[in-house]
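Beneath this line is the structure, given in structure tokens, with notes to follow.
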Amino acid sequence: MKKVFQMVMMLFAFVLLLALPAIGMAKEYTTGEDEEKTKEEKKAVKLEDMTVTATKTEYALGDVPGSVSVITKQEIKDANIESAADALRWVTGVRLKKGGSRGRNPNSVTVGLLGLPAEYALVLVNGQRVIGGGTDGALTPQSVDLEQFPAEIIERIEVIKGAGSSIYGSQAVTGVINIITKSPPKKPSFFASASLGTHDTRIYKAGHGLTIDKFGYYLNYTRKETDGLDSGSEYDSDNVSARLSYDFTPSLKLTIEPRYYQQDDVYNYISPFGRGSVSNYKQKSETHSLNSILDWRPDDLSKLMLRLSGNEYDQEREGGTIGRPAQKYEQDNDRYEAELSYTRPFFKNNVITFGYQYSKEKYKYPNYKIDEDQILNGGFIQDEINFDPFTITLAGRVDDYNRWGTVFCPRAGLAYQATDNLKFGASIGKSFKAPSFRELYQDGWLMGSRTFMFGNPDLGPEKAIGYQGGIEYRYKNLLMQCSLFRNDLKDMIEWDRNFDNNYQGTGLRAWKTRNIAKVHTRGIELNLGMIFTDNLKGSLGYTFVDSENEETGTDLSYTPNHELNIELNYKKSEYLPHINLRGEYVGKRYTSTDRSSREREDDYILAHIKFSKTFFKQYNAFLSIDNIFDKKYEEESEMPGTEFLGGVSVNF
């Protein structure tokens with residue numbers, strides 16, 4: 001593995017050497033007239049071309065420091081994207097985990113970054129943390145199902161890779177995914193669609209928006225119904241969201257975002273631990289969310305933001321092994337937040353942002369005697385220092401938890417804009433993930449029929465140091481990006497499987513959580529984008545990941561060394577439909593870090609295609625075919641074969 005990594009490092013150095021002469025080339029092609037044009041273009045940057053997640057300040061897309069990917073609403077429309085998960089699956093370095101068999105909802109999708117699972121990436125919606133609904137039956141509220149966010153509500157998605165705890169706190173170990181939703185439209189608008197697909201899938205959507213004087217609103221409703229991969233499985237969900245805004249003055253704006261999401265599941269669960277035992281479950285989960293943001297610009301240079309939000313996640317599950325009495329399980333996870341931040345230029349070259357965050361989280365799981373709460377007080381400060389063409393970013397955050405103590409996370413970054421077309425960047429930062437309530441307080445959960453599992457109130461946070469370095473070069477219609485990353489994670493929470501091999505004389509085992517594992521991931525990401533004609537563009541993304549659990553000396557489970565994505569996108573013309581063709585290669589990976597039980601899964605290649613065509617300006621027909629060649633493969637469970645989804649929409 002070390003030889004492979006050395007080869008990748010040599011490849012990075014080779015790309016770097018190729019790019020260095022481009023400095024001279026770029027200067028050669030730059031004239032005074034071009035420089036003036038560039039300045040004017042920067043002044044005319046539109047709101048949808050801005051990103052705010054990387055540093056909590058606004059930047060034009062091409063000027064953002066750090067490793068940032070932005071998926072715009074136009075790209076979502078062009079690729080006939082269905083949801084946030086569907087959009088993120090094609091970002092280089094993003095690793096999706098889909099539901100499959102063994103009772104998992106086939107439509108649920110979580111996303112991991114830089115070789116680590118989804119629990120180490122923070123998911124936000126307009127800056128608000130999202131909890132619950134992941135692929136593990138929601139037993140880990142930190143795991144977020146990204147299928148619950150339909151494409152129709154999305155303005156853009158910002159993916160910021162690297163240590164983000166210096167301004168966002170817990171869980172931003174490998175990065176932050178911030179879903180920015182659409183603002184109320186200036187003109188009255190209406191949207192509706194209906195689609196049918198494999199597994200008897202039915203999706204119905206409707207949206208409406210309007211701005212009247214100072215008040216605006218945008219409403220959206222989505223209904224999904226589908227069968228699972230296993231016989232007897234059924235899933236349905238309802239998603240209602242709104243964005244309401246009121247402009248008190250040109251410099252003072254209030255935005256309120258309520259959301260309701262519910263999902264009902266009926267499934268047969270085949271336990272991998274209970275010797276193939278089959279359990280029948282009915283499960284219902286609900287999320288009530290409210291996010292309110294007050295933006296005030298006291299003057300042309302400064303910005304103050306106050307955000308108050310709440311997120312309540314409730315789940316009920318009833319069932320048990322077939323032939324035995326049914327049991328009922330309940331869990332509630334509520335989180336309430338208040339955040340205040342202020343940004344203003346200071347001195348000649350500094351833009352300083354500082355803020356304070358308070359949150360209270362409460363978790364109830366009566367079946368396992370969990371009824372706990374946790375209070376956080378956190379403060380952060382960030383200084384962006386501009387010595388053109390260099391930008392230095394320094395940030396630090398202190399989080400104090402009433403349950404387990406205080407943690408400090410600093411970060412430093414450097415960006416060098418060699419020319420208008422060539423940019424270099426590097427960063428180092430500390431991050432952490434707080435232990436979940438289940439990991440802290442779980443009391444005797446019986447996994448399968450052989451093992452009891454206990455939490456540990458003495459757990460500490462999982463801590464990591466992340467390193468990144470990269471280069472970006474743009475020339476006419478060509479974009480090239482190359483970045484290196486490394487994450488060193490210590491005190492990783494895992495189960496101590498030797499805690500008690502004869503629990504209370506029952507002959508059953510008992511496991512207990514401990515901060516025992518050390519893990520590292522390192523690798524390289526390569527991106528290549530090209531606009532061939534006005535109607536045709538393509539992209540290629542490659543990711544190499546070397547991951548290792550240093551306690552066992554093995555790769556992390558289901559973390560392939562190699563992944564490759566390729567896309568061709570043909571923009572619709574007068575006679576031809578819009579065509580989006582994508583392919584992906586996923587390399588070999590191991591099922592576990594345990595040498596005695598792990599297996600090696602084969603690599604696989606998948607192909608997908610999407611068509612869409614507009615009729616009479618307002619009507620659109622679309623068809624998506626995933627896994628065209630019906631490739632059979634496993635990702636923690638059996639994945640579906642070929643899947644179809646087609647429908648029609650109307651937009652006024």
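All residue names refer to the structure tokens as shown: chains lettered A, B, ... in order, residues numbered from 1 in each chain, ligands numbered from 1 in order.
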
As an mmCIF file with N, CA and C atoms, in the first residue's frame, please: the residues near region 482-496 of chain A (cut-off 6 Å, only C-alpha atoms, same-chain neighbours under 2 positions excluded).
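File written: around_2.cif
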```cif
data_model
loop_
_atom_site.group_PDB
_atom_site.id
_atom_site.type_symbol
_atom_site.label_atom_id
_atom_site.label_comp_id
_atom_site.auth_asym_id
_atom_site.auth_seq_id
_atom_site.Cartn_x
_atom_site.Cartn_y
_atom_site.Cartn_z
ATOM 1 N N GLU A 462 -13.774 12.139 19.789
ATOM 2 C CA GLU A 462 -12.829 11.658 18.785
ATOM 3 C C GLU A 462 -12.136 12.888 18.189
ATOM 4 N N LYS A 463 -10.817 12.884 18.136
ATOM 5 C CA LYS A 463 -10.052 14.056 17.699
ATOM 6 C C LYS A 463 -9.264 13.737 16.435
ATOM 7 N N ALA A 464 -9.120 14.735 15.596
ATOM 8 C CA ALA A 464 -8.417 14.520 14.324
ATOM 9 C C ALA A 464 -7.629 15.753 13.938
ATOM 10 N N ILE A 465 -6.574 15.513 13.173
ATOM 11 C CA ILE A 465 -5.828 16.595 12.521
ATOM 12 C C ILE A 465 -5.896 16.341 11.016
ATOM 13 N N GLY A 466 -6.316 17.348 10.282
ATOM 14 C CA GLY A 466 -6.466 17.212 8.839
ATOM 15 C C GLY A 466 -5.499 18.111 8.088
ATOM 16 N N TYR A 467 -4.906 17.571 7.020
ATOM 17 C CA TYR A 467 -3.966 18.304 6.174
ATOM 18 C C TYR A 467 -4.496 18.285 4.738
ATOM 19 N N GLN A 468 -4.358 19.405 4.038
ATOM 20 C CA GLN A 468 -4.764 19.475 2.638
ATOM 21 C C GLN A 468 -3.819 20.379 1.863
ATOM 22 N N GLY A 469 -3.616 20.053 0.594
ATOM 23 C CA GLY A 469 -2.844 20.895 -0.304
ATOM 24 C C GLY A 469 -3.316 20.659 -1.722
ATOM 25 N N GLY A 470 -3.390 21.706 -2.527
ATOM 26 C CA GLY A 470 -3.910 21.498 -3.871
ATOM 27 C C GLY A 470 -3.549 22.607 -4.836
ATOM 28 N N ILE A 471 -3.914 22.369 -6.086
ATOM 29 C CA ILE A 471 -3.650 23.297 -7.179
ATOM 30 C C ILE A 471 -4.864 23.292 -8.104
ATOM 31 N N ASN A 498 -14.156 -7.598 23.939
ATOM 32 C CA ASN A 498 -13.710 -8.511 24.993
ATOM 33 C C ASN A 498 -14.093 -8.005 26.381
ATOM 34 N N PHE A 499 -15.069 -7.108 26.456
ATOM 35 C CA PHE A 499 -15.468 -6.541 27.737
ATOM 36 C C PHE A 499 -15.976 -7.616 28.702
ATOM 37 N N TRP A 511 -20.475 -6.164 24.969
ATOM 38 C CA TRP A 511 -19.540 -5.209 24.398
ATOM 39 C C TRP A 511 -19.768 -3.843 25.036
ATOM 40 N N LYS A 512 -18.716 -3.028 25.077
ATOM 41 C CA LYS A 512 -18.826 -1.699 25.657
ATOM 42 C C LYS A 512 -17.995 -0.722 24.832
ATOM 43 N N THR A 513 -18.524 0.488 24.670
ATOM 44 C CA THR A 513 -17.812 1.487 23.875
ATOM 45 C C THR A 513 -16.564 1.983 24.605
ATOM 46 N N ARG A 514 -15.500 2.240 23.818
ATOM 47 C CA ARG A 514 -14.239 2.772 24.352
ATOM 48 C C ARG A 514 -13.578 3.671 23.306
ATOM 49 N N ASN A 515 -12.791 4.621 23.779
ATOM 50 C CA ASN A 515 -11.927 5.392 22.884
ATOM 51 C C ASN A 515 -10.642 4.594 22.679
ATOM 52 N N ILE A 516 -10.642 3.714 21.667
ATOM 53 C CA ILE A 516 -9.516 2.797 21.535
ATOM 54 C C ILE A 516 -8.794 2.877 20.202
ATOM 55 N N ALA A 517 -9.455 3.320 19.163
ATOM 56 C CA ALA A 517 -8.887 3.142 17.821
ATOM 57 C C ALA A 517 -8.153 4.391 17.332
ATOM 58 N N LYS A 518 -7.109 4.154 16.530
ATOM 59 C CA LYS A 518 -6.432 5.192 15.763
ATOM 60 C C LYS A 518 -6.600 4.862 14.286
ATOM 61 N N VAL A 519 -6.982 5.876 13.532
ATOM 62 C CA VAL A 519 -7.285 5.671 12.115
ATOM 63 C C VAL A 519 -6.637 6.791 11.313
ATOM 64 N N HIS A 520 -6.162 6.474 10.120
ATOM 65 C CA HIS A 520 -5.753 7.536 9.208
ATOM 66 C C HIS A 520 -6.304 7.254 7.820
ATOM 67 N N THR A 521 -6.602 8.315 7.124
ATOM 68 C CA THR A 521 -6.928 8.233 5.699
ATOM 69 C C THR A 521 -6.051 9.256 4.983
ATOM 70 N N ARG A 522 -5.561 8.910 3.817
ATOM 71 C CA ARG A 522 -4.758 9.814 3.012
ATOM 72 C C ARG A 522 -5.008 9.492 1.554
ATOM 73 N N GLY A 523 -4.836 10.477 0.709
ATOM 74 C CA GLY A 523 -5.110 10.190 -0.698
ATOM 75 C C GLY A 523 -4.977 11.408 -1.578
ATOM 76 N N ILE A 524 -5.509 11.249 -2.770
ATOM 77 C CA ILE A 524 -5.417 12.284 -3.802
ATOM 78 C C ILE A 524 -6.737 12.345 -4.554
ATOM 79 N N GLU A 525 -7.121 13.552 -4.945
ATOM 80 C CA GLU A 525 -8.305 13.760 -5.763
ATOM 81 C C GLU A 525 -7.907 14.534 -7.014
ATOM 82 N N LEU A 526 -8.354 14.053 -8.164
ATOM 83 C CA LEU A 526 -8.075 14.704 -9.442
ATOM 84 C C LEU A 526 -9.385 15.018 -10.137
#
```

> Within 10 Å of region 206-221 of chain A, counting only C-alpha atoms, which residues qualify if same-chain residues fewer than 2 places away don't, as a VMD selection string?
Replying inline: chain A and resid 150 152 to 153 181 to 194 204 223 238 to 250 253 to 261 649 to 652

> Hey, can you check how far CA of Ser108 (chain A) sits from CA of Lys224 (chain A)?
Replying inline: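 We find that CA of Ser108 (chain A) and CA of Lys224 (chain A) lie 11.9 Å from each other.
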
> Looking at only C-alpha atoms, which of A:Lys284, A:Lys97, A:Lys433, A:Lys303 is the one that sits closest to Thr353 (chain A)?
Replying inline: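 Under the stated criterion, the closest residue is A:Lys303.
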
>> as number ranges by chain, please: the residues near Thr393 (chain A) (cut-off 9 Å, only C-alpha atoms, same-chain neighbours under 6 positions excluded).
In response: A: 55, 65, 382-386, 411-415, 427

Put those residues in a file: N, CA and C atoms, as a PDB file, in the first residue's frame.
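The result, written out as selection.pdb:
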```pdb
ATOM      1  N   THR A  55     -15.821  29.925   4.810  1.00  0.00           N
ATOM      2  CA  THR A  55     -15.278  30.796   5.859  1.00  0.00           C
ATOM      3  C   THR A  55     -16.358  31.610   6.559  1.00  0.00           C
ATOM      4  N   PRO A  65     -11.162  30.303  -0.763  1.00  0.00           N
ATOM      5  CA  PRO A  65      -9.978  29.586  -0.272  1.00  0.00           C
ATOM      6  C   PRO A  65     -10.360  28.202   0.211  1.00  0.00           C
ATOM      7  N   GLN A 382     -12.276  34.198  13.461  1.00  0.00           N
ATOM      8  CA  GLN A 382     -11.565  33.917  12.214  1.00  0.00           C
ATOM      9  C   GLN A 382     -11.042  35.214  11.619  1.00  0.00           C
ATOM     10  N   ASP A 383      -9.807  35.169  11.139  1.00  0.00           N
ATOM     11  CA  ASP A 383      -9.178  36.336  10.517  1.00  0.00           C
ATOM     12  C   ASP A 383      -8.718  35.956   9.120  1.00  0.00           C
ATOM     13  N   GLU A 384      -9.270  36.635   8.118  1.00  0.00           N
ATOM     14  CA  GLU A 384      -8.854  36.437   6.731  1.00  0.00           C
ATOM     15  C   GLU A 384      -7.952  37.611   6.343  1.00  0.00           C
ATOM     16  N   ILE A 385      -6.685  37.316   6.125  1.00  0.00           N
ATOM     17  CA  ILE A 385      -5.677  38.343   5.893  1.00  0.00           C
ATOM     18  C   ILE A 385      -5.278  38.321   4.420  1.00  0.00           C
ATOM     19  N   ASN A 386      -5.503  39.416   3.742  1.00  0.00           N
ATOM     20  CA  ASN A 386      -5.262  39.483   2.300  1.00  0.00           C
ATOM     21  C   ASN A 386      -4.011  40.305   2.008  1.00  0.00           C
ATOM     22  N   ARG A 411      -7.203  26.306  13.196  1.00  0.00           N
ATOM     23  CA  ARG A 411      -6.991  25.984  11.777  1.00  0.00           C
ATOM     24  C   ARG A 411      -6.228  27.123  11.124  1.00  0.00           C
ATOM     25  N   ALA A 412      -5.350  26.778  10.162  1.00  0.00           N
ATOM     26  CA  ALA A 412      -4.606  27.776   9.392  1.00  0.00           C
ATOM     27  C   ALA A 412      -4.614  27.377   7.922  1.00  0.00           C
ATOM     28  N   GLY A 413      -4.830  28.357   7.056  1.00  0.00           N
ATOM     29  CA  GLY A 413      -4.838  28.086   5.628  1.00  0.00           C
ATOM     30  C   GLY A 413      -4.111  29.164   4.852  1.00  0.00           C
ATOM     31  N   LEU A 414      -3.550  28.779   3.716  1.00  0.00           N
ATOM     32  CA  LEU A 414      -2.838  29.714   2.851  1.00  0.00           C
ATOM     33  C   LEU A 414      -3.262  29.484   1.414  1.00  0.00           C
ATOM     34  N   ALA A 415      -3.662  30.560   0.731  1.00  0.00           N
ATOM     35  CA  ALA A 415      -4.003  30.489  -0.688  1.00  0.00           C
ATOM     36  C   ALA A 415      -3.115  31.456  -1.462  1.00  0.00           C
ATOM     37  N   SER A 427      -3.740  23.809   3.858  1.00  0.00           N
ATOM     38  CA  SER A 427      -4.346  24.086   5.156  1.00  0.00           C
ATOM     39  C   SER A 427      -4.040  22.961   6.120  1.00  0.00           C
TER      40      SER A 427
END
```

> In terms of the shortest atom-to-atom distance over only C-alpha atoms, which of A:Ser67, A:Asn80, A:Gln504, A:Thr554 is closest to Lys572 (chain A)?
Replying inline: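 Closest to Lys572 (chain A), using only C-alpha atoms: A:Asn80.
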
>> Quick one: residues within 6 Å of region 337-350 of chain A, only C-alpha atoms, excluding same-chain residues fewer than 3 positions away - as a list of chain:residue names?
In response: A:Leu301, A:Ser302, A:Lys303, A:Leu304, A:Met305, A:Leu306, A:Arg307, A:Leu308, A:Ser309, A:Thr353, A:Phe354, A:Gly355, A:Tyr356, A:Gln357, A:Tyr358, A:Ser359, A:Glu384, A:Ile385, A:Asn386

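Closest to Tyr120 (chain A) among A:Ser557, A:Ser431, A:Thr72, A:Thr543 is A:Ser431, based on only C-alpha atoms.
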
> Of the candidates A:Asp603, A:Glu286, A:Glu584, A:Asp314, which one gets nearest to Pro560 (chain A) if we count only C-alpha atoms?
Replying inline: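 Using only C-alpha atoms, the shortest distance to Pro560 (chain A) belongs to A:Asp603.
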
>> Run DSSP on the backbone and tell me which residues of region 573-652 of chain A come out as strand (DSSP E or B); list them as a ChimeraX atom specification.
In response: /A:578-586,589-590,600-601,604-615,619-626,634,638,643-651

> Pick from A:Gly175, A:Phe408, A:Ala79, A:Leu556: nearest to Leu124 (chain A), with only C-alpha atoms counted?
Replying inline: A:Gly175
